[in-house]
file work01.pdb (PDB, C-alpha atoms)
MODEL        1
ATOM      1  CA  MET A  10       0.000   0.000   0.000  1.00  0.00           C
ATOM      2  CA  ASP A  11       1.339   3.435  -0.908  1.00  0.00           C
ATOM      3  CA  THR A  12       1.043   6.664   1.046  1.00  0.00           C
ATOM      4  CA  VAL A  13      -0.256   9.870  -0.506  1.00  0.00           C
ATOM      5  CA  ASP A  14       0.826  13.165   1.048  1.00  0.00           C
ATOM      6  CA  SER A  15      -0.354  15.624  -1.625  1.00  0.00           C
ATOM      7  CA  LEU A  16      -3.035  16.096  -4.259  1.00  0.00           C
ATOM      8  CA  LYS A  17      -0.319  16.276  -6.902  1.00  0.00           C
ATOM      9  CA  LEU A  18       1.014  12.859  -5.891  1.00  0.00           C
ATOM     10  CA  ALA A  19      -2.493  11.345  -5.905  1.00  0.00           C
ATOM     11  CA  LEU A  20      -3.054  12.591  -9.448  1.00  0.00           C
ATOM     12  CA  ARG A  21       0.306  11.262 -10.614  1.00  0.00           C
ATOM     13  CA  LEU A  22      -0.276   7.848  -9.024  1.00  0.00           C
ATOM     14  CA  ASP A  23      -3.754   7.654 -10.548  1.00  0.00           C
ATOM     15  CA  GLU A  24      -2.338   8.422 -13.991  1.00  0.00           C
ATOM     16  CA  ALA A  25       0.548   5.956 -13.648  1.00  0.00           C
ATOM     17  CA  ALA A  26      -1.696   3.165 -12.365  1.00  0.00           C
ATOM     18  CA  GLY A  27      -4.106   3.847 -15.233  1.00  0.00           C
ATOM     19  CA  LYS A  28      -1.335   3.412 -17.786  1.00  0.00           C
ATOM     20  CA  LEU A  29      -0.550   0.049 -16.218  1.00  0.00           C
ATOM     21  CA  GLU A  30      -4.252  -0.828 -16.003  1.00  0.00           C
ATOM     22  CA  LYS A  31      -3.899  -1.375 -12.252  1.00  0.00           C
ATOM     23  CA  ARG A  32      -5.680  -0.217  -9.097  1.00  0.00           C
ATOM     24  CA  LEU A  33      -3.338   0.997  -6.401  1.00  0.00           C
ATOM     25  CA  PRO A  34      -4.446   1.001  -2.743  1.00  0.00           C
ATOM     26  CA  VAL A  35      -3.363   4.146  -0.877  1.00  0.00           C
ATOM     27  CA  LEU A  36      -3.442   5.713   2.561  1.00  0.00           C
ATOM     28  CA  PHE A  37      -3.608   9.481   3.028  1.00  0.00           C
ATOM     29  CA  GLU A  38      -0.765  10.657   5.249  1.00  0.00           C
ATOM     30  CA  ILE A  39      -1.841  13.178   7.863  1.00  0.00           C
ATOM     31  CA  LYS A  40       0.736  15.417   9.525  1.00  0.00           C
ATOM     32  CA  LEU A  41      -0.037  15.711  13.230  1.00  0.00           C
ATOM     33  CA  SER A  42       3.415  16.809  14.341  1.00  0.00           C
ATOM     34  CA  GLU A  43       5.392  20.016  14.100  1.00  0.00           C
ATOM     35  CA  GLU A  44       8.544  18.048  13.256  1.00  0.00           C
ATOM     36  CA  ALA A  45      10.083  19.360  10.030  1.00  0.00           C
ATOM     37  CA  ALA A  46      10.912  15.851   8.817  1.00  0.00           C
ATOM     38  CA  LYS A  47       7.255  14.796   8.869  1.00  0.00           C
ATOM     39  CA  THR A  48       5.124  15.199   5.753  1.00  0.00           C
ATOM     40  CA  GLY A  49       1.453  14.863   4.972  1.00  0.00           C
ATOM     41  CA  PHE A  50      -1.784  16.769   4.809  1.00  0.00           C
ATOM     42  CA  GLU A  51      -2.637  19.171   7.584  1.00  0.00           C
ATOM     43  CA  PRO A  52      -5.859  17.778   9.140  1.00  0.00           C
ATOM     44  CA  GLU A  53      -8.112  20.670   8.081  1.00  0.00           C
ATOM     45  CA  SER A  54      -6.218  21.739   4.968  1.00  0.00           C
ATOM     46  CA  ALA A  55      -7.962  22.858   1.803  1.00  0.00           C
ATOM     47  CA  GLU A  56      -5.721  20.459  -0.124  1.00  0.00           C
ATOM     48  CA  LEU A  57      -6.975  17.437   1.848  1.00  0.00           C
ATOM     49  CA  MET A  58     -10.592  18.519   1.435  1.00  0.00           C
ATOM     50  CA  GLU A  59     -10.076  19.024  -2.308  1.00  0.00           C
ATOM     51  CA  LEU A  60      -8.556  15.552  -2.624  1.00  0.00           C
ATOM     52  CA  LEU A  61     -11.461  13.984  -0.741  1.00  0.00           C
ATOM     53  CA  GLU A  62     -13.941  15.837  -2.963  1.00  0.00           C
ATOM     54  CA  ARG A  63     -12.140  14.840  -6.157  1.00  0.00           C
ATOM     55  CA  PHE A  64     -11.215  11.289  -5.165  1.00  0.00           C
ATOM     56  CA  SER A  65     -14.201   9.624  -6.807  1.00  0.00           C
ATOM     57  CA  ASP A  66     -12.885  10.941 -10.159  1.00  0.00           C
ATOM     58  CA  MET A  67      -9.670   8.983  -9.668  1.00  0.00           C
ATOM     59  CA  LYS A  68     -10.334   5.539 -11.081  1.00  0.00           C
ATOM     60  CA  HIS A  69      -6.971   3.854 -10.578  1.00  0.00           C
ATOM     61  CA  ILE A  70      -6.125   4.526  -6.962  1.00  0.00           C
ATOM     62  CA  GLN A  71      -8.200   3.124  -4.159  1.00  0.00           C
ATOM     63  CA  MET A  72      -8.383   4.900  -0.821  1.00  0.00           C
ATOM     64  CA  ARG A  73      -8.021   2.571   2.149  1.00  0.00           C
ATOM     65  CA  GLY A  74      -7.703   5.001   5.043  1.00  0.00           C
ATOM     66  CA  LEU A  75      -5.371   7.339   6.905  1.00  0.00           C
ATOM     67  CA  MET A  76      -1.878   7.113   8.349  1.00  0.00           C
ATOM     68  CA  THR A  77       0.402   9.173  10.547  1.00  0.00           C
ATOM     69  CA  VAL A  78       3.718   8.975  12.329  1.00  0.00           C
ATOM     70  CA  ALA A  79       3.708  10.176  15.925  1.00  0.00           C
ATOM     71  CA  PRO A  80       6.242  12.750  17.062  1.00  0.00           C
ATOM     72  CA  PHE A  81       9.451  11.363  18.476  1.00  0.00           C
ATOM     73  CA  ASP A  82       9.105  11.809  22.228  1.00  0.00           C
ATOM     74  CA  GLU A  83      10.099   9.809  25.289  1.00  0.00           C
ATOM     75  CA  ASN A  84       6.639  10.384  26.781  1.00  0.00           C
ATOM     76  CA  PRO A  85       4.292   7.698  25.365  1.00  0.00           C
ATOM     77  CA  GLU A  86       1.261   9.879  26.040  1.00  0.00           C
ATOM     78  CA  ILE A  87       2.403  12.243  23.270  1.00  0.00           C
ATOM     79  CA  ALA A  88       1.981   9.366  20.803  1.00  0.00           C
ATOM     80  CA  ARG A  89      -1.404   8.521  22.327  1.00  0.00           C
ATOM     81  CA  ILE A  90      -2.638  12.077  21.771  1.00  0.00           C
ATOM     82  CA  CYS A  91      -1.484  11.930  18.152  1.00  0.00           C
ATOM     83  CA  PHE A  92      -3.106   8.543  17.508  1.00  0.00           C
ATOM     84  CA  ARG A  93      -6.343   9.583  19.166  1.00  0.00           C
ATOM     85  CA  HIS A  94      -6.418  12.718  17.009  1.00  0.00           C
ATOM     86  CA  LEU A  95      -6.035  10.631  13.830  1.00  0.00           C
ATOM     87  CA  ARG A  96      -8.808   8.257  14.916  1.00  0.00           C
ATOM     88  CA  GLN A  97     -11.123  11.171  15.626  1.00  0.00           C
ATOM     89  CA  LEU A  98     -10.259  12.773  12.289  1.00  0.00           C
ATOM     90  CA  ARG A  99     -11.043   9.500  10.541  1.00  0.00           C
ATOM     91  CA  GLU A 100     -14.436   9.343  12.246  1.00  0.00           C
ATOM     92  CA  GLN A 101     -15.238  12.916  11.173  1.00  0.00           C
ATOM     93  CA  LEU A 102     -14.095  12.403   7.588  1.00  0.00           C
ATOM     94  CA  ALA A 103     -15.835   9.036   7.245  1.00  0.00           C
ATOM     95  CA  ALA A 104     -19.115  10.647   8.316  1.00  0.00           C
ATOM     96  CA  ARG A 105     -18.636  13.501   5.841  1.00  0.00           C
ATOM     97  CA  TYR A 106     -17.347  11.372   2.936  1.00  0.00           C
ATOM     98  CA  ALA A 107     -19.334   8.171   3.389  1.00  0.00           C
ATOM     99  CA  ARG A 108     -18.577   6.982  -0.153  1.00  0.00           C
ATOM    100  CA  LEU A 109     -14.856   6.698   0.627  1.00  0.00           C
ATOM    101  CA  ASP A 110     -13.103   3.822   2.377  1.00  0.00           C
ATOM    102  CA  PHE A 111     -11.621   4.803   5.737  1.00  0.00           C
ATOM    103  CA  SER A 112     -11.269   1.219   7.013  1.00  0.00           C
ATOM    104  CA  GLU A 113      -7.505   1.319   7.630  1.00  0.00           C
ATOM    105  CA  LEU A 114      -5.840   3.419  10.290  1.00  0.00           C
ATOM    106  CA  SER A 115      -2.068   3.092  10.000  1.00  0.00           C
ATOM    107  CA  MET A 116      -0.290   4.372  13.065  1.00  0.00           C
ATOM    108  CA  GLY A 117       2.295   3.029  15.435  1.00  0.00           C
ATOM    109  CA  MET A 118       5.780   1.676  15.062  1.00  0.00           C
ATOM    110  CA  SER A 119       7.984  -0.661  17.067  1.00  0.00           C
ATOM    111  CA  GLY A 120       8.253   1.691  20.049  1.00  0.00           C
ATOM    112  CA  ASP A 121       4.604   2.701  20.340  1.00  0.00           C
ATOM    113  CA  PHE A 122       2.512   0.061  18.591  1.00  0.00           C
ATOM    114  CA  GLU A 123       0.756  -1.018  21.800  1.00  0.00           C
ATOM    115  CA  ILE A 124      -0.617   2.487  22.302  1.00  0.00           C
ATOM    116  CA  ALA A 125      -1.514   2.698  18.609  1.00  0.00           C
ATOM    117  CA  VAL A 126      -3.521  -0.524  18.827  1.00  0.00           C
ATOM    118  CA  GLU A 127      -5.269   0.734  21.975  1.00  0.00           C
ATOM    119  CA  GLU A 128      -6.220   3.867  20.008  1.00  0.00           C
ATOM    120  CA  GLY A 129      -7.596   1.922  17.031  1.00  0.00           C
ATOM    121  CA  SER A 130      -4.702   1.220  14.681  1.00  0.00           C
ATOM    122  CA  THR A 131      -5.362  -1.466  12.084  1.00  0.00           C
ATOM    123  CA  LEU A 132      -1.836  -1.353  10.603  1.00  0.00           C
ATOM    124  CA  VAL A 133       1.462  -0.917  12.468  1.00  0.00           C
ATOM    125  CA  ARG A 134       5.012  -0.605  11.159  1.00  0.00           C
ATOM    126  CA  VAL A 135       7.440  -2.653  13.217  1.00  0.00           C
ATOM    127  CA  GLY A 136      10.638  -2.477  11.145  1.00  0.00           C
ATOM    128  CA  THR A 137      12.906  -1.609  14.072  1.00  0.00           C
ATOM    129  CA  ALA A 138      11.650  -4.604  16.040  1.00  0.00           C
ATOM    130  CA  ILE A 139      12.573  -6.818  13.080  1.00  0.00           C
ATOM    131  CA  PHE A 140      15.647  -5.130  11.560  1.00  0.00           C
ATOM    132  CA  GLY A 141      17.106  -3.186  14.484  1.00  0.00           C
ATOM    133  CA  SER A 142      17.574   0.523  15.132  1.00  0.00           C
ATOM    134  CA  ARG A 143      18.715   3.079  12.583  1.00  0.00           C
ATOM    135  CA  PRO A 144      21.091   5.882  13.523  1.00  0.00           C
ATOM    136  CA  LYS A 145      19.212   8.934  14.819  1.00  0.00           C
ATOM    137  CA  PRO A 146      19.361  12.025  12.603  1.00  0.00           C
ATOM    138  CA  ALA A 147      21.820  14.696  13.698  1.00  0.00           C
TER     139      ALA A 147
ENDMDL
END

call {"tool": "encode", "arguments": {"input": "work01.pdb", "output": "structure tokens"}}
result
Amino acid sequence: MDTVDSLKLALRLDEAAGKLEKRLPVLFEIKLSEEAAKTGFEPESAELMELLERFSDMKHIQMRGLMTVAPFDENPEIARICFRHLRQLREQLAARYARLDFSELSMGMSGDFEIAVEEGSTLVRVGTAIFGSRPKPA
């Protein structure tokens, strides 16, 4: 499953998948952190709303839900707040855009997946638990 963090990317993926006569499942990445390294749609952004409005015109990508990456913080409750916010956003958007599929909620990684599952995650990324730690950015 691919992640979409802009309307431009969604349009490009739709076009590319169409040329291959494929349907590509995607998650919309939501930015819930002030960290500069994080990308995604701001939760109430005009760009996200435009994508949701236009999504039914895109025939070759298939929305499956939302995803986020919690801020890096030693306090696990910071991740909980982030995950809860994404779940609540999903509930609001699913009510407003009932024709779209919001079934997946991708949040949580090796260090916080338990909290993510408690907050409703349906997909977690546990690469560090499998492959080990990466060096922290400077």

call {"tool": "residues_around", "arguments": {"input": "work01.pdb", "residues": "Glu123 in chain A", "least_positions_apart": "4", "cutoff": "12 Å", "atoms": "all atoms listed in the file", "output": "NGL selection string"}}
result
:A and (85-86 or 88-89 or 92 or 116-119 or 127-135)

call {"tool": "resolve_selection", "arguments": {"input": "work01.pdb", "expression": "the PyMOL selection byres ((chain A and resi 67-79) around 6)", "output": "number ranges by chain"}}
result
A: 23, 26-27, 32-39, 64-66, 80, 88, 91, 110-116

call {"tool": "write_last_selection", "arguments": {"input": "work01.pdb", "atoms": "C-alpha atoms", "output": "PDB file, keeping the file's coordinate frame"}}
result
ATOM      1  CA  ASP A  23      -3.754   7.654 -10.548  1.00  0.00           C
ATOM      2  CA  ALA A  26      -1.696   3.165 -12.365  1.00  0.00           C
ATOM      3  CA  GLY A  27      -4.106   3.847 -15.233  1.00  0.00           C
ATOM      4  CA  ARG A  32      -5.680  -0.217  -9.097  1.00  0.00           C
ATOM      5  CA  LEU A  33      -3.338   0.997  -6.401  1.00  0.00           C
ATOM      6  CA  PRO A  34      -4.446   1.001  -2.743  1.00  0.00           C
ATOM      7  CA  VAL A  35      -3.363   4.146  -0.877  1.00  0.00           C
ATOM      8  CA  LEU A  36      -3.442   5.713   2.561  1.00  0.00           C
ATOM      9  CA  PHE A  37      -3.608   9.481   3.028  1.00  0.00           C
ATOM     10  CA  GLU A  38      -0.765  10.657   5.249  1.00  0.00           C
ATOM     11  CA  ILE A  39      -1.841  13.178   7.863  1.00  0.00           C
ATOM     12  CA  PHE A  64     -11.215  11.289  -5.165  1.00  0.00           C
ATOM     13  CA  SER A  65     -14.201   9.624  -6.807  1.00  0.00           C
ATOM     14  CA  ASP A  66     -12.885  10.941 -10.159  1.00  0.00           C
ATOM     15  CA  PRO A  80       6.242  12.750  17.062  1.00  0.00           C
ATOM     16  CA  ALA A  88       1.981   9.366  20.803  1.00  0.00           C
ATOM     17  CA  CYS A  91      -1.484  11.930  18.152  1.00  0.00           C
ATOM     18  CA  ASP A 110     -13.103   3.822   2.377  1.00  0.00           C
ATOM     19  CA  PHE A 111     -11.621   4.803   5.737  1.00  0.00           C
ATOM     20  CA  SER A 112     -11.269   1.219   7.013  1.00  0.00           C
ATOM     21  CA  GLU A 113      -7.505   1.319   7.630  1.00  0.00           C
ATOM     22  CA  LEU A 114      -5.840   3.419  10.290  1.00  0.00           C
ATOM     23  CA  SER A 115      -2.068   3.092  10.000  1.00  0.00           C
ATOM     24  CA  MET A 116      -0.290   4.372  13.065  1.00  0.00           C
TER      25      MET A 116
END

call {"tool": "residues_around", "arguments": {"input": "work01.pdb", "residues": "Pro52 in chain A", "least_positions_apart": "5", "cutoff": "10 Å", "atoms": "all atoms listed in the file", "output": "number ranges by chain"}}
result
A: 38-41, 57-58, 94-95, 98-99, 102

call {"tool": "atom_distance", "arguments": {"input": "work01.pdb", "atom1": "CA of Leu22 in chain A", "atom2": "CA of Ala55 in chain A"}}
result
20.0 Å

call {"tool": "atom_distance", "arguments": {"input": "work01.pdb", "atom1": "CA of Glu24 in chain A", "atom2": "CA of Ala103 in chain A"}}
result
25.2 Å

call {"tool": "atom_distance", "arguments": {"input": "work01.pdb", "atom1": "CA of Leu61 in chain A", "atom2": "CA of Ala25 in chain A"}}
result
19.4 Å

call {"tool": "closest_residue", "arguments": {"input": "work01.pdb", "among": "A:Ile124, A:Ile90, A:Arg63, A:Phe81", "to": "Arg108 in chain A", "atoms": "only C-alpha atoms"}}
result
A:Arg63
